[in-house]
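Structure file final_12.txt (compact mmCIF, C-alpha atoms and all ligand atoms) follows.
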# COMPACT_ATOMS: atom_id res chain seq x y z
CA MET A 1 -168.47 64.71 -70.36
CA ASN A 2 -168.27 62.32 -73.34
CA LEU A 3 -165.06 60.64 -74.48
CA SER A 4 -164.26 63.19 -77.15
CA ALA A 5 -164.76 66.00 -74.64
CA ARG A 6 -162.50 64.11 -72.26
CA SER A 7 -159.71 63.77 -74.80
CA GLU A 8 -160.18 67.46 -75.63
CA VAL A 9 -159.53 68.25 -71.95
CA ASP A 10 -156.41 66.08 -71.95
CA SER A 11 -154.96 67.53 -75.15
CA THR A 12 -155.46 71.21 -74.39
CA ILE A 13 -154.05 73.61 -71.83
CA ALA A 14 -154.97 77.04 -70.51
CA LEU A 15 -152.36 79.36 -69.00
CA TYR A 16 -152.95 81.69 -66.06
CA VAL A 17 -150.34 84.39 -65.31
CA HIS A 18 -150.63 86.24 -62.00
CA TRP A 19 -149.31 89.80 -61.80
CA PRO A 20 -149.47 90.59 -58.08
CA PHE A 21 -149.06 94.37 -57.95
CA CYS A 22 -151.65 97.14 -57.49
CA VAL A 23 -151.41 100.88 -57.00
CA SER A 24 -153.38 100.60 -53.75
CA LYS A 25 -155.29 97.90 -51.86
CA CYS A 26 -159.09 97.97 -52.20
CA PRO A 27 -160.84 97.41 -48.85
CA TYR A 28 -162.94 94.45 -50.05
CA CYS A 29 -160.09 92.63 -51.81
CA ASP A 30 -158.76 89.28 -50.65
CA PHE A 31 -156.80 88.55 -53.83
CA ASN A 32 -153.06 88.10 -53.75
CA SER A 33 -152.27 91.76 -54.47
CA HIS A 34 -149.43 93.88 -53.13
CA VAL A 35 -148.43 97.52 -53.26
CA ARG A 36 -144.73 98.15 -53.96
CA ALA A 37 -142.89 101.42 -54.54
CA GLU A 38 -140.61 99.87 -57.18
CA ILE A 39 -141.16 96.95 -59.53
CA ASP A 40 -138.24 95.57 -61.51
CA GLN A 41 -140.06 94.74 -64.77
CA ASN A 42 -137.02 92.96 -66.24
CA ALA A 43 -136.62 90.69 -63.22
CA TRP A 44 -140.32 89.85 -63.36
CA ARG A 45 -140.24 89.17 -67.10
CA GLU A 46 -137.37 86.71 -66.67
CA ALA A 47 -138.92 85.04 -63.61
CA LEU A 48 -142.31 84.52 -65.24
CA ILE A 49 -140.70 83.16 -68.40
CA SER A 50 -138.71 80.61 -66.32
CA ASP A 51 -141.80 79.69 -64.31
CA LEU A 52 -143.69 79.15 -67.58
CA ALA A 53 -140.88 77.02 -69.07
CA HIS A 54 -141.06 74.71 -66.05
CA GLU A 55 -144.78 74.05 -66.56
CA ALA A 56 -144.41 73.69 -70.33
CA ALA A 57 -141.72 71.01 -69.93
CA LEU A 58 -144.17 68.96 -67.83
CA LEU A 59 -147.05 69.40 -70.28
CA PRO A 60 -145.59 68.68 -73.71
CA GLY A 61 -147.70 68.52 -76.85
CA ARG A 62 -150.72 70.42 -75.56
CA ARG A 63 -152.77 72.86 -77.63
CA LEU A 64 -152.95 76.26 -75.93
CA THR A 65 -156.56 77.49 -75.93
CA SER A 66 -156.31 80.56 -73.68
CA ILE A 67 -154.01 82.81 -71.68
CA PHE A 68 -155.35 84.92 -68.83
CA PHE A 69 -153.33 87.71 -67.23
CA GLY A 70 -154.95 88.26 -63.82
CA GLY A 71 -153.98 89.98 -60.63
CA GLY A 72 -153.35 92.28 -59.03
CA THR A 73 -153.42 94.78 -61.85
CA PRO A 74 -151.88 93.23 -64.96
CA SER A 75 -152.63 96.36 -66.99
CA LEU A 76 -149.63 97.76 -65.08
CA MET A 77 -147.36 95.16 -66.70
CA ASP A 78 -144.90 96.40 -69.23
CA PRO A 79 -146.54 95.49 -72.59
CA ALA A 80 -143.14 94.05 -73.60
CA THR A 81 -143.47 91.55 -70.72
CA VAL A 82 -146.96 90.60 -71.88
CA GLU A 83 -145.66 90.16 -75.42
CA ALA A 84 -142.67 88.09 -74.26
CA LEU A 85 -144.92 85.78 -72.24
CA ILE A 86 -147.37 85.31 -75.10
CA GLY A 87 -144.41 84.60 -77.42
CA ALA A 88 -142.92 82.07 -74.99
CA ALA A 89 -146.25 80.33 -74.36
CA THR A 90 -147.00 79.99 -78.07
CA ALA A 91 -143.47 78.67 -78.66
CA HIS A 92 -143.86 75.99 -75.95
CA TRP A 93 -147.34 74.96 -77.06
CA SER A 94 -149.14 75.22 -80.40
CA ALA A 95 -151.75 77.96 -80.12
CA ALA A 96 -155.36 77.22 -81.06
CA ASP A 97 -156.44 79.25 -84.12
CA ASP A 98 -158.98 81.08 -81.98
CA ILE A 99 -156.78 81.43 -78.88
CA GLU A 100 -158.33 83.77 -76.30
CA ILE A 101 -155.83 86.09 -74.59
CA THR A 102 -157.44 88.09 -71.78
CA LEU A 103 -155.95 90.76 -69.57
CA GLU A 104 -157.62 92.30 -66.52
CA ALA A 105 -157.39 96.08 -66.49
CA ASN A 106 -158.27 98.91 -64.19
CA PRO A 107 -160.08 101.77 -65.86
CA ASN A 108 -157.89 104.76 -65.19
CA SER A 109 -156.34 106.91 -67.83
CA VAL A 110 -152.76 105.73 -67.28
CA GLU A 111 -153.71 102.14 -67.86
CA ALA A 112 -156.08 102.92 -70.75
CA SER A 113 -153.18 104.65 -72.50
CA ARG A 114 -151.43 101.24 -72.68
CA PHE A 115 -154.34 99.48 -74.39
CA ALA A 116 -152.99 99.97 -77.92
CA ASP A 117 -149.63 98.49 -76.91
CA LEU A 118 -151.29 95.59 -75.11
CA ALA A 119 -153.41 94.86 -78.17
CA ASN A 120 -150.25 94.93 -80.32
CA ALA A 121 -148.65 92.55 -77.82
CA GLY A 122 -151.36 90.00 -78.67
CA VAL A 123 -154.07 90.57 -76.05
CA ASN A 124 -157.46 90.11 -77.74
CA ARG A 125 -159.85 90.34 -74.80
CA VAL A 126 -159.96 92.75 -71.89
CA SER A 127 -161.81 92.46 -68.61
CA LEU A 128 -162.25 95.93 -67.11
CA GLY A 129 -162.79 96.44 -63.38
CA LEU A 130 -165.35 99.24 -63.67
CA GLN A 131 -167.16 98.05 -60.47
CA SER A 132 -169.75 100.87 -60.47
CA PHE A 133 -171.00 103.89 -62.44
CA ASP A 134 -171.61 105.82 -59.24
CA ASP A 135 -168.77 107.95 -57.83
CA ARG A 136 -170.02 107.54 -54.26
CA ALA A 137 -170.01 103.76 -54.59
CA LEU A 138 -166.54 103.87 -56.19
CA ARG A 139 -165.23 105.87 -53.22
CA PHE A 140 -166.85 103.40 -50.80
CA LEU A 141 -165.13 100.55 -52.69
CA GLY A 142 -161.81 102.40 -52.43
CA ARG A 143 -161.39 102.49 -56.19
CA ALA A 144 -158.81 104.83 -57.69
CA HIS A 145 -160.98 105.80 -60.69
CA SER A 146 -164.14 107.88 -61.22
CA ALA A 147 -167.23 106.84 -63.16
CA ARG A 148 -166.23 109.24 -65.95
CA GLU A 149 -162.77 107.63 -66.21
CA GLY A 150 -164.48 104.24 -66.28
CA PHE A 151 -166.64 105.14 -69.28
CA ALA A 152 -163.65 106.64 -71.09
CA ALA A 153 -161.54 103.52 -70.47
CA LEU A 154 -164.38 101.32 -71.73
CA GLU A 155 -164.59 103.32 -74.93
CA THR A 156 -160.82 103.06 -75.43
CA ALA A 157 -160.94 99.31 -74.73
CA GLN A 158 -163.75 98.83 -77.25
CA ARG A 159 -161.63 100.57 -79.88
CA HIS A 160 -158.60 98.35 -79.31
CA PHE A 161 -159.89 94.89 -78.40
CA ARG A 162 -162.26 92.57 -80.23
CA ARG A 163 -163.78 91.34 -76.98
CA VAL A 164 -164.41 93.49 -73.92
CA SER A 165 -166.03 92.53 -70.65
CA PHE A 166 -166.44 94.55 -67.49
CA ASP A 167 -167.11 93.84 -63.83
CA LEU A 168 -169.63 95.52 -61.57
CA ILE A 169 -170.05 94.98 -57.84
CA TYR A 170 -173.59 95.24 -56.51
CA ALA A 171 -175.55 94.56 -53.32
CA LEU A 172 -173.64 97.36 -51.59
CA PRO A 173 -175.14 98.78 -48.39
CA GLY A 174 -178.12 100.93 -49.42
CA ASP A 175 -178.55 99.34 -52.89
CA THR A 176 -182.20 98.96 -53.88
CA GLU A 177 -183.94 97.19 -56.74
CA SER A 178 -184.51 100.54 -58.36
CA SER A 179 -180.90 101.80 -58.06
CA TRP A 180 -179.41 98.49 -59.21
CA SER A 181 -181.84 97.99 -62.10
CA ALA A 182 -180.97 101.48 -63.39
CA MET A 183 -177.22 100.73 -63.25
CA LEU A 184 -177.64 97.31 -64.82
CA ALA A 185 -179.81 98.70 -67.63
CA GLN A 186 -177.02 101.17 -68.36
CA ALA A 187 -174.43 98.36 -68.27
CA LEU A 188 -176.46 96.33 -70.75
CA SER A 189 -176.65 99.29 -73.13
CA LEU A 190 -172.88 99.77 -73.43
CA GLY A 191 -172.32 97.23 -76.20
CA THR A 192 -170.19 94.60 -74.49
CA ARG A 193 -171.11 90.96 -74.96
CA HIS A 194 -169.90 89.72 -71.58
CA LEU A 195 -170.42 91.00 -68.04
CA SER A 196 -169.20 89.81 -64.63
CA LEU A 197 -171.64 90.92 -61.94
CA TYR A 198 -170.52 90.16 -58.39
CA GLN A 199 -172.35 90.70 -55.14
CA LEU A 200 -170.23 92.42 -52.49
CA THR A 201 -169.08 89.80 -50.02
CA ILE A 202 -167.18 90.60 -46.86
CA GLU A 203 -164.08 88.42 -46.91
CA PRO A 204 -162.16 87.62 -43.73
CA GLY A 205 -158.95 89.59 -43.29
CA THR A 206 -160.04 92.52 -45.47
CA ARG A 207 -160.43 96.13 -44.35
CA PHE A 208 -164.18 95.79 -44.91
CA ALA A 209 -164.26 92.83 -42.48
CA SER A 210 -162.70 95.04 -39.76
CA MET A 211 -165.11 97.87 -40.58
CA VAL A 212 -168.11 95.55 -40.30
CA ALA A 213 -166.74 94.18 -37.01
CA ARG A 214 -166.45 97.78 -35.73
CA ARG A 215 -170.03 98.39 -36.98
CA GLU A 216 -168.88 101.12 -39.34
CA PHE A 217 -171.33 99.76 -41.90
CA GLU A 218 -173.73 96.89 -42.27
CA PRO A 219 -173.74 94.65 -45.34
CA LEU A 220 -176.98 94.49 -47.30
CA ASP A 221 -179.23 91.87 -45.77
CA ILE A 222 -179.35 88.46 -47.38
CA ASP A 223 -182.97 88.65 -48.63
CA ALA A 224 -182.42 92.02 -50.28
CA ALA A 225 -179.23 90.67 -51.92
CA ALA A 226 -181.15 87.58 -53.15
CA ALA A 227 -183.83 89.81 -54.68
CA LEU A 228 -181.10 91.77 -56.53
CA TYR A 229 -179.60 88.51 -57.80
CA GLU A 230 -182.97 87.40 -59.20
CA LEU A 231 -183.45 90.81 -60.80
CA THR A 232 -180.00 90.50 -62.39
CA ASP A 233 -180.87 87.10 -63.79
CA ALA A 234 -184.12 88.35 -65.29
CA MET A 235 -182.67 91.53 -66.81
CA THR A 236 -179.61 89.89 -68.35
CA ALA A 237 -181.71 87.06 -69.82
CA ALA A 238 -184.18 89.56 -71.30
CA ALA A 239 -181.23 91.41 -72.88
CA GLY A 240 -179.92 88.21 -74.54
CA MET A 241 -176.97 87.88 -72.15
CA PRO A 242 -178.09 85.14 -69.77
CA ALA A 243 -176.03 83.77 -66.90
CA TYR A 244 -173.72 80.99 -68.02
CA GLU A 245 -172.13 80.87 -64.57
CA ILE A 246 -173.22 82.13 -61.14
CA SER A 247 -171.79 85.65 -61.69
CA ASN A 248 -171.03 85.71 -65.42
CA TYR A 249 -173.35 86.69 -68.25
CA ALA A 250 -172.73 86.54 -71.98
CA ARG A 251 -174.18 86.39 -75.43
CA ARG A 252 -173.90 82.90 -76.89
CA GLY A 253 -170.31 82.24 -77.97
CA GLN A 254 -168.90 85.13 -75.91
CA GLU A 255 -168.32 83.19 -72.70
CA SER A 256 -164.82 83.37 -71.21
CA ARG A 257 -163.18 80.27 -72.67
CA HIS A 258 -160.42 80.49 -70.09
CA ASN A 259 -162.79 80.42 -67.13
CA LEU A 260 -164.80 77.64 -68.79
CA THR A 261 -161.63 75.53 -68.62
CA TYR A 262 -161.62 75.92 -64.82
CA TRP A 263 -165.32 75.26 -64.45
CA ARG A 264 -165.23 72.24 -66.78
CA TYR A 265 -162.26 70.96 -64.82
CA GLY A 266 -159.69 71.07 -67.59
CA ASP A 267 -155.95 71.32 -67.03
CA TYR A 268 -154.37 74.74 -66.61
CA ALA A 269 -150.88 75.95 -65.84
CA GLY A 270 -150.78 78.71 -63.23
CA ILE A 271 -147.62 80.81 -62.95
CA GLY A 272 -146.66 83.87 -60.91
CA PRO A 273 -147.18 84.63 -57.20
CA GLY A 274 -149.90 82.59 -55.50
CA ALA A 275 -151.14 81.08 -58.79
CA HIS A 276 -152.84 77.72 -58.58
CA GLY A 277 -152.66 75.18 -61.38
CA ARG A 278 -153.83 71.71 -62.20
CA ARG A 279 -151.85 69.39 -64.43
CA ARG A 280 -152.29 65.68 -65.02
CA GLY A 281 -153.96 65.02 -61.68
CA MET A 282 -151.59 67.23 -59.67
CA ARG A 283 -152.50 70.49 -58.01
CA THR A 284 -149.80 73.14 -57.95
CA VAL A 285 -149.50 76.36 -55.99
CA ARG A 286 -146.84 79.04 -56.34
CA HIS A 287 -145.22 81.11 -53.58
CA LYS A 288 -147.64 83.85 -52.64
CA LYS A 289 -145.32 86.69 -51.65
CA PRO A 290 -143.77 88.27 -54.75
CA GLU A 291 -140.24 88.38 -53.31
CA ASN A 292 -140.45 84.70 -52.30
CA LEU A 293 -141.50 83.74 -55.80
CA LEU A 294 -138.55 85.62 -57.30
CA SER A 295 -136.06 83.88 -55.00
CA ALA A 296 -137.68 80.46 -55.57
CA VAL A 297 -137.37 80.93 -59.35
CA SER A 298 -133.73 81.94 -59.10
CA ARG A 299 -133.04 78.97 -56.76
CA ASN A 300 -135.12 76.25 -58.48
CA GLY A 301 -136.09 77.58 -61.90
CA HIS A 302 -139.77 77.66 -60.88
CA GLY A 303 -141.98 79.29 -58.25
CA ILE A 304 -143.77 76.20 -56.94
CA ALA A 305 -144.38 76.23 -53.18
CA ASP A 306 -146.46 73.07 -53.06
CA GLU A 307 -147.41 70.33 -55.47
CA ALA A 308 -149.40 67.19 -54.65
CA PRO A 309 -151.48 64.54 -56.39
CA LEU A 310 -155.22 65.00 -56.09
CA SER A 311 -157.05 61.95 -54.80
CA SER A 312 -159.98 60.86 -56.96
CA GLY A 313 -162.32 62.01 -54.16
CA GLU A 314 -160.74 65.48 -54.04
CA ALA A 315 -160.79 65.79 -57.82
CA ALA A 316 -164.43 64.69 -58.04
CA ASP A 317 -165.43 67.17 -55.33
CA GLU A 318 -163.58 70.00 -57.06
CA ALA A 319 -165.13 69.14 -60.42
CA LEU A 320 -168.56 69.12 -58.79
CA VAL A 321 -167.99 72.48 -57.10
CA MET A 322 -166.77 74.01 -60.36
CA GLY A 323 -169.27 72.37 -62.72
CA LEU A 324 -172.38 73.20 -60.74
CA ARG A 325 -171.57 76.90 -61.08
CA LEU A 326 -172.30 76.58 -64.80
CA SER A 327 -175.80 76.86 -66.28
CA GLU A 328 -174.95 73.82 -68.43
CA GLY A 329 -174.55 71.87 -65.17
CA ILE A 330 -172.64 68.60 -64.97
CA ASP A 331 -172.86 65.22 -66.61
CA VAL A 332 -172.56 63.03 -63.54
CA ASN A 333 -172.17 59.78 -65.50
CA ALA A 334 -169.24 61.18 -67.44
CA MET A 335 -167.67 62.48 -64.22
CA GLU A 336 -168.02 59.07 -62.61
CA ARG A 337 -166.32 57.44 -65.60
CA ARG A 338 -163.55 60.04 -65.39
CA PHE A 339 -162.88 59.74 -61.66
CA GLY A 340 -163.89 56.12 -61.14
CA ILE A 341 -165.98 56.82 -58.01
CA PRO A 342 -169.55 57.93 -57.19
CA VAL A 343 -169.74 61.72 -57.45
CA VAL A 344 -173.18 62.54 -56.02
CA ASP A 345 -175.67 61.04 -53.62
CA TRP A 346 -178.65 60.46 -55.96
CA VAL A 347 -181.23 60.21 -53.15
CA ARG A 348 -180.32 63.72 -52.03
CA VAL A 349 -180.17 64.96 -55.61
CA ASP A 350 -183.74 63.74 -56.18
CA ARG A 351 -184.87 65.41 -52.95
CA LEU A 352 -183.44 68.73 -54.20
CA VAL A 353 -185.09 68.17 -57.59
CA ALA A 354 -188.44 67.75 -55.78
CA SER A 355 -187.86 70.95 -53.77
CA GLY A 356 -187.11 72.93 -56.96
CA HIS A 357 -183.38 73.54 -56.36
CA LEU A 358 -181.99 71.19 -59.02
CA THR A 359 -183.14 69.82 -62.34
CA ARG A 360 -182.17 66.34 -63.46
CA ASN A 361 -182.17 65.08 -66.99
CA SER A 362 -180.95 61.51 -66.94
CA GLY A 363 -177.33 61.83 -65.71
CA ARG A 364 -177.08 65.60 -66.07
CA ILE A 365 -177.92 67.92 -63.17
CA ASN A 366 -178.24 71.69 -63.08
CA LEU A 367 -179.03 74.24 -60.43
CA THR A 368 -182.32 76.12 -60.80
CA ALA A 369 -182.43 79.88 -60.13
CA ALA A 370 -183.53 79.10 -56.55
CA GLY A 371 -180.68 76.59 -56.25
CA ARG A 372 -178.06 79.09 -57.41
CA LEU A 373 -178.79 81.17 -54.31
CA LEU A 374 -177.95 78.16 -52.13
CA LEU A 375 -174.95 76.79 -54.02
CA ASP A 376 -172.72 76.10 -51.00
CA HIS A 377 -175.48 74.38 -49.07
CA ILE A 378 -176.43 72.23 -52.07
CA LEU A 379 -172.84 71.18 -52.70
CA GLY A 380 -172.54 70.04 -49.10
CA GLU A 381 -175.78 68.08 -49.45
CA ILE A 382 -175.17 66.18 -52.66
CA ALA A 383 -171.44 65.41 -52.69
CA ALA A 384 -170.89 61.67 -52.37
CA LEU A 385 -168.17 60.60 -49.97
CA GLY A 386 -165.55 59.55 -52.49
CA GLU A 387 -162.58 57.26 -52.04
CA SER A 388 -159.16 58.81 -51.99
CA ALA A 389 -157.01 57.01 -54.52
CA PRO A 390 -154.40 59.35 -56.06
CA MET A 391 -155.60 60.77 -59.37
CA ALA A 392 -152.28 61.32 -61.11
CA SER A 393 -152.34 58.12 -63.16
CA ALA A 394 -156.10 58.29 -63.81
CA VAL A 395 -155.85 61.65 -65.55
CA ALA A 396 -152.48 61.33 -67.23
S1 LIG B 1 -157.34 96.53 -57.99
FE1 LIG B 1 -158.25 94.47 -57.89
S2 LIG B 1 -156.59 93.12 -57.16
FE2 LIG B 1 -155.94 95.25 -56.78
S3 LIG B 1 -156.52 95.61 -54.64
FE3 LIG B 1 -158.24 96.34 -55.94
S4 LIG B 1 -159.64 94.57 -56.13
FE4 LIG B 1 -157.66 93.80 -55.34
Do you think you could lay out the structure here as structure tokens?
Amino acid sequence: MNLSARSEVDSTIALYVHWPFCVSKCPYCDFNSHVRAEIDQNAWREALISDLAHEAALLPGRRLTSIFFGGGTPSLMDPATVEALIGAATAHWSAADDIEITLEANPNSVEASRFADLANAGVNRVSLGLQSFDDRALRFLGRAHSAREGFAALETAQRHFRRVSFDLIYALPGDTESSWSAMLAQALSLGTRHLSLYQLTIEPGTRFASMVARREFEPLDIDAAAALYELTDAMTAAAGMPAYEISNYARRGQESRHNLTYWRYGDYAGIGPGAHGRRRGMRTVRHKKPENLLSAVSRNGHGIADEAPLSSGEAADEALVMGLRLSEGIDVNAMERRFGIPVVDWVRVDRLVASGHLTRNSGRINLTAAGRLLLDHILGEIAALGESAPMASAVA
């Protein structure tokens, strides 16, 4: 990162708002999502606005480049709450002219019927959780919508929002190169300029993890999943929507600016249950359980459960983990200037360059396609053992 990029990071802010409620819990999901019979929208609006005000007071004078409503199922938020939060955020911080305001939505008819109101509230980008075009796969994934509802919601979203992305989950048990290439070809023909394509992973503590333990199904084997990943890379690149991150594909200029802030290790305020944030060298985390967040906000005016300075070693490791996910890779020299410590072990980097897993262009390193399949292993290999001086003053 050069100096102007650095000062850009320090003068801007992204805002993440977590809405923790869902209609039901999907069996693969390890997100902070909860099912509740009743949700007091007014109480949540007030709590989130207080939580936001707390962060804004600690980050004065920033330019707001993006807001991301994630969850949970934020398309179940009252559009008036979305509007109030956008209004409050843009009153605390000056909004960039091209501010990106994304909301994650589930593709059922009830939620699609709110799209017009959400667009009027200021949302200009929607990320739809389609997950599959195959009803059998949707049932396996425990999704509450059908493929037909998914297509209808996508059409409605494309009418109301300038930018639309959708998610698919692949590498399900029984997926083959032929079944996945047919679904992906269809996805690429639907006119969106951004796609998130995730492989199914079995996360500890989920219903799928118990089912796998009971041998109710077997995940796709690792080589077959790797072949599907390579196929995905080739097809998206040929369609002019190459990977810009491990699981995200976009036409040039259509990348998620909000997620780029995370991956480029910029500051972001995270509010709402379980939200993480990073401000001026501090990491913040909110109370995870919705009821605990509400009582913390009424007690303290904010929902923070934990807040601590990041050591330069922790920050450098995080920036490495995030930055290597990106096709643009990382500028190691700029990172070392930023954190004041060695970030990578160059001997090991050069070994991975020789084995075809990394490319190196002076101080910049990138994963190759083969390297992307081994991200975790490579991170463990190349991370330098940093010192642990607190970062707060270095980033402020
Ligand atoms: S809708 Fe999304 S957040 Fe909610 S349970 Fe399903 S995967 Fe998790």
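Comparing the minimum interatomic distances between Gln131 (chain A) and each of A:Leu15, A:Val332, A:Ala171, A:Ile86, counting all atoms listed in the file, we find that A:Ala171 sits nearest.
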| query | CA of Ala384 (chain A) and CA of Ala308 (chain A), how far apart in Å? | reply |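 Computing the Euclidean distance for CA of Ala308 (chain A) and CA of Ala384 (chain A) yields 22.3 Å.
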| Nearest to ligand LIG 1 (chain B), chosen from A:Ala84, A:Ile101, A:Leu200, A:Val285, with only C-alpha atoms and all ligand atoms counted in the distances | A:Leu200
| At what distance in Å, to one decimal, does CA of Arg372 (chain A) lie from CA of Leu326 (chain A)? |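 Taking CA of Leu326 (chain A) and CA of Arg372 (chain A), their separation equals 9.7 Å.
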| So how many Å separate CA of Ser178 (chain A) and CA of Asp223 (chain A), to one decimal? | 15.4 Å
